[in-house]
Amino acid sequence: MTAVMPPGTATAAAAAPVPPAPTRPVLARDWRRLARMAAVGAVAQIFIALSNMPVRLDERVVVKPVLSLGYLTLLIVPFAAGHRVGHQIKREGTPVHAAGAHEVAGGAACGALAAGGLSLLAVLLANFDLREPLVNWSPMLAELLAFGNSTSFAVVIWLLIGAAVGASGGLMRLLGPRTRRAAVTIAITVAGVAVMEPLVVDLAEGMGLEALTDRLYARRGGLEWVSALVLAAVAGILAVLGRGRLREARNRIAVQEGAKRTRTNFGLILLTGAALVILPLFAGKLTNELLANVGLFVLLALGLNIVVGLAGILDLGYVAFFAVGSYTAAVLTAATSPRIHPEMPWLVALIFVVVITGLVGLFIGAPVIRMRGDYLAIVTLGFGEIIRLLFLSDWLSGTFGGSQGITKIPGAGIFGLTSVAGTDPRRVFYLVLAFCAIAIYVSWRLERSRLGRAWMAVREDETVAEAMGINTVNVKLLAFVVGAILGSFSGAIFSAKVGSVFPNSFLILVSIVILVVVIFGGMGSIVGVIAGSAVLIGVLGGPKQPGLLAEFSEFKLLIYGALLIWMMLARPEGLIPSVRRSRELHQEEMAQDAWLKGQVEDDTANGDTATAPAT
Amino acid sequence: MNADGGVRAEQTPLLEMRSVNSHYGAVHALKDVNLSIYEGELVCLLGGNASGKSTTLKTLLGMLKPTSGEVVLDGEVVNDKPTSYRVARGVTMVPENRRLFKRLSVRENLDLGAYLRSDSDGIAADLERVFELFPRVKERLSQKAGTLSGGEQQMVAMGRALMAKPRVLLMDEPSMGLAPALVQRNFELIEQIHAAGLTVFMVEQNANMALSIADRGWVLQTGRVVLDDTADNLLAHPELRASYLGQSDT
């Protein structure tokens, strides 16, 4: 992932004409940096190996018979270290020295040392009993590290593998931007097709293309090495032929304004919508189940995005509204729930869901909203737990069933036409899609409304917003309630889909995961939030829902954490930032460049030009 | 000593504080403060750090409720009215250090100034007026406010306040955090806005600068008004010279 440079450095370098940097002898390098990089890499390697990720993921073959997902996790670190060691801190946007053979040499050295962590581990495993303090790894790890041979073989082979992989990481620095892009495209295509195997197979079955997938994938999973090569070649050719046409098209759209832009956007939305309506018809259960799960989280994330992204209220107890939505729908529709009879149709219950969640949002929000920053976050966290404990309590078990939860919840009936239940994930997906469309439209309109502007003002500077005459308490409360209602939709569908609700479906973890989705996707960005859900929930899996890489579920949180850290370092604005925020970042760069060019006297110049018409 | 001569006697002040006491928790921040700002005036409140200047502004704007006394806007006691009520009736503040919404565009900042207004024609007209006053702002409309230079930010801050269609502009330390040349320019702007018919009440530490353009002034010391006179008299006042002007001259 480090192959993709943060966008900031690229633009900054492109903005100023770069004088040719001096070249460098092959072996001259910053040894201290190399040692640090290699040490970090080695520790990371050992950590990954002992977390048992390689062993667990070894069963998932990426390219048969060469590469499994398990080995891939081990190869990423030396590659990243080899690439990263050649990174230069550009002074005033200019590289200190030109790229050259030293990049490869340094990469190889760094990669070998980083992978040396595994060599060290192999020795340690053979000679000491590490089971006692480090319980996670399985004995198969030693075998995996040695490729079934002796320990000394493991020691040597990992140094060699590390050197080779690290060198290729360094090599990436020598490639021109186009070649590099092609290389990245190839890697992403092959990895993507391998990872999405269940999805592709499922879709191909629906469209009657089994012959293709039979050839593409090995019988027991993974790409055939021949098809991997073919795929790489195709991707490479396409990348070279395409040569940033996609980027060009995007730029062309980006500069469009007014009605033309609206038309393009409308067309794109229509196209995406049509694809999302048609796709499930060809897809099997698995794909639809996955899409439905992603959709449920898109709904939740869109709701939280209004609270956190627009109004700037850090809500760590958002799961409460998901829970209230689920339980309200469950109590009102299920025959097994005591107290409330007769049962309502799902759509009628939905009205109550909205009203009740809105009220709960008000009740929780009213005391919370007067606080700011950290205090607010902690208090919302507490309220999230309180709601869950209420559902769990014996006191209310007459209504909510306590730890037994509510079971046998009927599917969601839509005007008596169909009933949407978990047994038919396609219908669930369509239902979720409809609600997502509503949520997207609402978010989009709100963002551009007077209320949306007030939210952003409160987010930026609450005191000044108040001085502008904005009733900050009401405005924040409204954000809370709108977010709560969007979340409750997700809950109502969830209970109908799963058919049962239990208090432990609504742990704090759910709040955290939704927040991670929002941050990862890009706070305040609707498209970003959707992309974030697709990547995190679709690929890695939700708190209880398996994703495409079901093998990862055990390490999900570890990867979430790693992704978040990487995100904060490389792309703090999120995966797909809102137009506003990317514009901001771009302008900041320009402002810095201007400053570098010595336009500090800007202020006085402004003063003069502004005085002229006045006098 | 009081400068409100006979002319003022029958006129109602636009904004007034009648023996106001304000508390921040246990801290008695304003002690029996009397202020009256008349239509068309340019007046200033002088004081050092922690003398209660910002508390005065907050009390006038309704962000802080006085514990006793009355805040009177256009003859109406507004003690219990929220900030939005006062802003809608023409009390607008330019906050200390400008405090723009840094990550929003200049345009959005200006729009937020007119948050409580719904007369779109009037808003459009005022926007044009702001552009006339600060042509520079028009060039920067789609730019993020935080990326502007200090001088430009000051213009946007003033523009944002003007978009609220104020009758009285409360300026919190307009000289703070600006280069000397810009301070000069800023005070020219204030004079200019005042000349266009706007009542201005500014709170300042830079007594020399403030008094050079103001009609009248008060001096606040640990929450109490200790001097209340015309600007010329204040400038000549020996005590003030010693405690404020002596410092600000250097």
# chains A, B, ... in the order shown; residues from 1 in each chain; ligands from 1

$ closest_atom_pairs --of "chain B" --to "chain A" --cutoff "7 Å" --atoms "only C-alpha atoms" --output "tab-separated table"
residue	atom	partner	partner_atom	distance
B:Thr83	CA	A:Gly469	CA	5.6
B:Ser84	CA	A:Gly469	CA	3.9
B:Val87	CA	A:Gly469	CA	5.7
B:Met93	CA	A:Ala467	CA	6.8
B:Phe101	CA	A:Glu460	CA	5.6
B:Arg103	CA	A:Glu584	CA	6.9
B:Gly113	CA	A:Met468	CA	6.1
B:Leu116	CA	A:Gly469	CA	6.6
B:Phe134	CA	A:Ala610	CA	6.4
B:Pro135	CA	A:Ala610	CA	6.6
B:Arg136	CA	A:Ala610	CA	6.4
B:Lys144	CA	A:Glu584	CA	6.1
B:Thr147	CA	A:Glu588	CA	6.4
B:Ser149	CA	A:Asp603	CA	6.0
B:Gly150	CA	A:Asp603	CA	6.8
B:Gly151	CA	A:Asp603	CA	5.9

$ write_last_selection --atoms "N, CA and C atoms" --output "CSV table (one decimal), in the first residue's frame"
chain,number,residue,atom,x,y,z
B,83,THR,N,-29.3,35.3,21.9
B,83,THR,CA,-28.4,36.0,21.0
B,83,THR,C,-29.1,36.3,19.6
B,84,SER,N,-29.8,35.2,19.2
B,84,SER,CA,-30.4,35.3,17.8
B,84,SER,C,-31.4,36.5,17.8
B,87,VAL,N,-29.2,39.6,17.4
B,87,VAL,CA,-28.6,39.7,16.1
B,87,VAL,C,-29.6,40.1,15.1
B,93,MET,N,-21.4,41.2,16.1
B,93,MET,CA,-20.0,41.2,16.6
B,93,MET,C,-19.0,40.8,15.6
B,101,PHE,N,-14.7,31.0,9.9
B,101,PHE,CA,-14.9,29.6,9.9
B,101,PHE,C,-13.8,29.1,8.8
B,103,ARG,N,-12.3,26.5,7.7
B,103,ARG,CA,-12.4,25.4,6.6
B,103,ARG,C,-13.6,25.6,5.7
B,113,GLY,N,-23.0,35.0,7.8
B,113,GLY,CA,-23.2,36.3,8.5
B,113,GLY,C,-24.7,36.7,8.3
B,116,LEU,N,-29.5,34.8,9.8
B,116,LEU,CA,-30.9,35.0,10.3
B,116,LEU,C,-31.8,35.7,9.3
B,134,PHE,N,-14.7,45.9,-0.1
B,134,PHE,CA,-13.5,45.1,-0.1
B,134,PHE,C,-13.5,44.3,-1.4
B,135,PRO,N,-13.0,44.9,-2.5
B,135,PRO,CA,-12.9,44.3,-3.8
B,135,PRO,C,-12.1,42.9,-3.7
B,136,ARG,N,-11.2,42.9,-2.8
B,136,ARG,CA,-10.3,41.8,-2.7
B,136,ARG,C,-11.1,40.5,-2.3
B,144,LYS,N,-10.9,28.9,0.6
B,144,LYS,CA,-11.1,28.6,2.0
B,144,LYS,C,-10.6,29.7,2.9
B,147,THR,N,-7.1,30.1,4.4
B,147,THR,CA,-5.8,30.3,3.6
B,147,THR,C,-5.6,31.7,3.3
B,149,SER,N,-4.7,35.7,3.8
B,149,SER,CA,-3.7,36.5,4.6
B,149,SER,C,-4.5,37.2,5.7
B,150,GLY,N,-3.7,37.6,6.7
B,150,GLY,CA,-4.3,38.3,7.9
B,150,GLY,C,-5.2,39.4,7.5
B,151,GLY,N,-4.7,40.3,6.6
B,151,GLY,CA,-5.5,41.4,6.2
B,151,GLY,C,-6.8,41.0,5.5

$ residues_around --residues "region 373-377 of chain A" --least-positions-apart "4" --cutoff "8 Å" --atoms "only C-alpha atoms" --output "list in words"
Ile313, Leu314, Asp315, Leu316, Val368, Ile369 and Leu381 of chain A

$ write_last_selection --atoms "C-alpha atoms" --output "JSON list (two decimals), in the first residue's frame"
[["chain", "number", "residue", "atom", "x", "y", "z"],
["A", 313, "ILE", "CA", -20.32, 16.04, 17.34],
["A", 314, "LEU", "CA", -18.15, 13.04, 18.20],
["A", 315, "ASP", "CA", -20.79, 10.45, 19.02],
["A", 316, "LEU", "CA", -19.30, 7.20, 20.34],
["A", 368, "VAL", "CA", -25.17, 15.61, 26.03],
["A", 369, "ILE", "CA", -25.26, 18.44, 23.55],
["A", 381, "LEU", "CA", -20.20, 6.34, 24.93]]

$ residues_around --residues "Glu173 (chain B)" --least-positions-apart "6" --cutoff "9 Å" --atoms "only C-alpha atoms" --output "NGL selection string"
:B and (94-97 or 202-206)

$ write_last_selection --atoms "N, CA and C atoms" --output "short mmCIF file (atom, residue, chain, number, x, y, z; two decimals), in the first residue's frame"
data_model
loop_
_atom_site.label_atom_id
_atom_site.label_comp_id
_atom_site.auth_asym_id
_atom_site.auth_seq_id
_atom_site.Cartn_x
_atom_site.Cartn_y
_atom_site.Cartn_z
N VAL B 94 -17.89 41.48 15.58
CA VAL B 94 -16.72 40.99 14.86
C VAL B 94 -15.80 40.44 15.94
N PRO B 95 -15.64 39.11 15.99
CA PRO B 95 -14.92 38.55 17.13
C PRO B 95 -13.43 38.88 17.12
N GLU B 96 -12.87 38.75 18.28
CA GLU B 96 -11.44 38.94 18.50
C GLU B 96 -10.66 38.01 17.59
N ASN B 97 -9.56 38.47 17.05
CA ASN B 97 -8.73 37.62 16.17
C ASN B 97 -9.49 37.13 14.95
N MET B 202 -16.29 49.66 19.86
CA MET B 202 -15.14 48.77 19.83
C MET B 202 -14.48 48.66 21.19
N VAL B 203 -13.94 47.50 21.39
CA VAL B 203 -13.28 47.18 22.64
C VAL B 203 -11.81 47.07 22.31
N GLU B 204 -10.96 47.79 23.00
CA GLU B 204 -9.56 47.86 22.58
C GLU B 204 -8.60 47.94 23.76
N GLN B 205 -7.40 47.47 23.51
CA GLN B 205 -6.30 47.71 24.45
C GLN B 205 -5.45 48.86 23.94
N ASN B 206 -5.44 48.98 22.62
CA ASN B 206 -4.62 50.01 21.99
C ASN B 206 -5.33 51.35 22.09
#

$ select_by_dssp --residues "region 25-187 of chain B" --states "strand (DSSP E)" --output "MDAnalysis selection string"
chainID B and resid 27:37 42:47 68:73 76:77 91:94 168:172

$ write_last_selection --atoms "N, CA and C atoms" --output "short mmCIF file (atom, residue, chain, number, x, y, z; two decimals), in the first residue's frame"
data_model
loop_
_atom_site.label_atom_id
_atom_site.label_comp_id
_atom_site.auth_asym_id
_atom_site.auth_seq_id
_atom_site.Cartn_x
_atom_site.Cartn_y
_atom_site.Cartn_z
N VAL B 27 -16.53 34.48 39.75
CA VAL B 27 -15.79 35.71 39.46
C VAL B 27 -16.76 36.83 39.10
N HIS B 28 -16.66 37.90 39.81
CA HIS B 28 -17.51 39.06 39.55
C HIS B 28 -16.86 39.87 38.43
N ALA B 29 -17.27 39.63 37.20
CA ALA B 29 -16.53 40.17 36.06
C ALA B 29 -16.92 41.60 35.72
N LEU B 30 -18.19 41.94 35.85
CA LEU B 30 -18.64 43.32 35.59
C LEU B 30 -19.30 43.85 36.86
N LYS B 31 -18.87 45.06 37.25
CA LYS B 31 -19.42 45.62 38.50
C LYS B 31 -20.13 46.92 38.18
N ASP B 32 -21.46 46.86 38.20
CA ASP B 32 -22.26 48.07 38.09
C ASP B 32 -21.88 48.91 36.87
N VAL B 33 -21.85 48.28 35.73
CA VAL B 33 -21.39 48.98 34.52
C VAL B 33 -22.55 49.70 33.85
N ASN B 34 -22.34 50.96 33.55
CA ASN B 34 -23.29 51.75 32.77
C ASN B 34 -22.66 52.16 31.46
N LEU B 35 -23.31 51.80 30.34
CA LEU B 35 -22.82 52.22 29.03
C LEU B 35 -24.02 52.64 28.22
N SER B 36 -23.84 53.64 27.37
CA SER B 36 -24.93 53.92 26.42
C SER B 36 -24.34 54.27 25.08
N ILE B 37 -24.79 53.59 24.07
CA ILE B 37 -24.29 53.81 22.72
C ILE B 37 -25.44 54.40 21.91
N LEU B 42 -19.31 56.47 17.18
CA LEU B 42 -18.19 55.53 17.17
C LEU B 42 -17.55 55.65 18.54
N VAL B 43 -17.78 54.65 19.37
CA VAL B 43 -17.31 54.73 20.75
C VAL B 43 -16.41 53.55 21.07
N CYS B 44 -15.60 53.72 22.11
CA CYS B 44 -14.70 52.61 22.43
C CYS B 44 -14.65 52.36 23.93
N LEU B 45 -14.39 51.11 24.24
CA LEU B 45 -14.23 50.69 25.63
C LEU B 45 -12.78 50.24 25.79
N LEU B 46 -12.04 50.94 26.65
CA LEU B 46 -10.63 50.63 26.82
C LEU B 46 -10.42 49.84 28.10
N GLY B 47 -9.39 49.02 28.07
CA GLY B 47 -9.10 48.27 29.28
C GLY B 47 -7.99 47.28 29.04
N SER B 68 -27.43 41.05 37.48
CA SER B 68 -28.39 42.10 37.80
C SER B 68 -28.19 43.24 36.83
N GLY B 69 -29.12 44.16 36.82
CA GLY B 69 -29.05 45.27 35.88
C GLY B 69 -29.76 44.93 34.59
N GLU B 70 -29.75 45.86 33.66
CA GLU B 70 -30.51 45.67 32.44
C GLU B 70 -29.67 45.94 31.20
N VAL B 71 -29.86 45.11 30.17
CA VAL B 71 -29.31 45.41 28.86
C VAL B 71 -30.48 45.89 28.02
N VAL B 72 -30.36 47.08 27.47
CA VAL B 72 -31.49 47.66 26.75
C VAL B 72 -31.12 47.86 25.30
N LEU B 73 -31.92 47.30 24.41
CA LEU B 73 -31.70 47.46 22.98
C LEU B 73 -32.86 48.25 22.42
N GLU B 76 -35.84 48.55 24.60
CA GLU B 76 -36.46 47.32 25.10
C GLU B 76 -35.45 46.56 25.96
N VAL B 77 -35.89 46.13 27.13
CA VAL B 77 -35.00 45.34 27.99
C VAL B 77 -34.87 43.94 27.38
N VAL B 91 -27.66 43.82 16.35
CA VAL B 91 -26.42 43.81 17.13
C VAL B 91 -25.52 42.72 16.56
N THR B 92 -24.36 43.10 16.05
CA THR B 92 -23.49 42.11 15.42
C THR B 92 -22.07 42.28 15.94
N MET B 93 -21.40 41.16 16.11
CA MET B 93 -20.04 41.23 16.64
C MET B 93 -19.01 40.78 15.61
N VAL B 94 -17.89 41.48 15.58
CA VAL B 94 -16.72 40.99 14.86
C VAL B 94 -15.80 40.44 15.94
N VAL B 168 -25.64 48.23 14.99
CA VAL B 168 -24.46 48.55 15.79
C VAL B 168 -23.49 47.37 15.68
N LEU B 169 -22.24 47.74 15.38
CA LEU B 169 -21.21 46.72 15.19
C LEU B 169 -20.35 46.68 16.45
N LEU B 170 -20.26 45.51 17.06
CA LEU B 170 -19.40 45.37 18.23
C LEU B 170 -18.07 44.78 17.77
N MET B 171 -17.00 45.53 17.97
CA MET B 171 -15.70 45.04 17.48
C MET B 171 -14.84 44.65 18.66
N ASP B 172 -14.44 43.38 18.70
CA ASP B 172 -13.62 42.90 19.81
C ASP B 172 -12.15 42.99 19.39
#

$ atom_distance --atom1 "CA of Ala218 (chain A)" --atom2 "CA of Glu197 (chain A)"
10.4 Å

$ atom_distance --atom1 "CA of Val529 (chain A)" --atom2 "CA of Glu289 (chain A)"
19.5 Å

$ atom_distance --atom1 "CA of Met371 (chain A)" --atom2 "CA of Val473 (chain A)"
10.1 Å

$ closest_residue --among "B:Met17, B:Ile123, B:Ala179, B:Val219" --to "His237 (chain B)" --atoms "only C-alpha atoms"
B:Val219

$ select_by_dssp --residues "region 137-363 of chain A" --states "alpha helix (DSSP H)" --output "JSON, numbers by chain"
{"A": [140, 141, 142, 143, 144, 145, 146, 151, 152, 153, 154, 155, 156, 157, 158, 159, 160, 161, 162, 163, 164, 165, 166, 167, 168, 169, 170, 171, 172, 173, 174, 177, 178, 179, 180, 181, 182, 183, 184, 185, 186, 187, 188, 189, 190, 191, 192, 193, 194, 195, 197, 198, 199, 200, 201, 202, 203, 204, 205, 206, 207, 210, 211, 212, 213, 214, 215, 216, 225, 226, 227, 228, 229, 230, 231, 232, 233, 234, 235, 236, 237, 238, 239, 240, 241, 242, 245, 246, 247, 248, 249, 250, 251, 252, 253, 254, 255, 258, 259, 260, 261, 262, 263, 264, 265, 266, 267, 268, 269, 270, 271, 272, 273, 274, 275, 276, 277, 278, 279, 280, 281, 282, 285, 286, 287, 288, 289, 290, 291, 292, 293, 294, 295, 296, 297, 298, 299, 300, 301, 302, 303, 304, 319, 320, 321, 322, 323, 324, 325, 326, 327, 328, 329, 330, 331, 332, 333, 346, 347, 348, 349, 350, 351, 352, 353, 354, 355, 356, 357, 358, 359, 360, 361, 362, 363]}

$ residues_around --residues "region 129-132 of chain B" --least-positions-apart "6" --cutoff "8 Å" --atoms "only C-alpha atoms" --output "PyMOL selection string"
chain B and resi 138+159+162-163

$ write_last_selection --atoms "N, CA and C atoms" --output "CSV table (one decimal), in the first residue's frame"
chain,number,residue,atom,x,y,z
B,138,LYS,N,-14.1,39.7,-3.1
B,138,LYS,CA,-14.8,39.1,-4.3
B,138,LYS,C,-13.9,38.1,-5.0
B,159,GLY,N,-16.8,41.9,6.6
B,159,GLY,CA,-17.8,41.6,5.6
B,159,GLY,C,-18.9,40.7,6.1
B,162,LEU,N,-21.1,42.6,8.3
B,162,LEU,CA,-22.0,43.6,7.6
B,162,LEU,C,-23.1,42.8,6.9
B,163,MET,N,-22.9,41.5,6.6
B,163,MET,CA,-23.9,40.7,6.0
B,163,MET,C,-25.1,40.5,6.9

$ residues_around --residues "region 238-244 of chain B" --least-positions-apart "3" --cutoff "12 Å" --atoms "only C-alpha atoms" --output "ChimeraX atom specification"
/B:46-49,204-211,217-221,226-229,231-235,247-250

$ closest_residue --among "B:Gly197, B:Arg117, B:Asp126, B:Ile190" --to "Ala214 (chain B)" --atoms "only C-alpha atoms"
B:Ile190
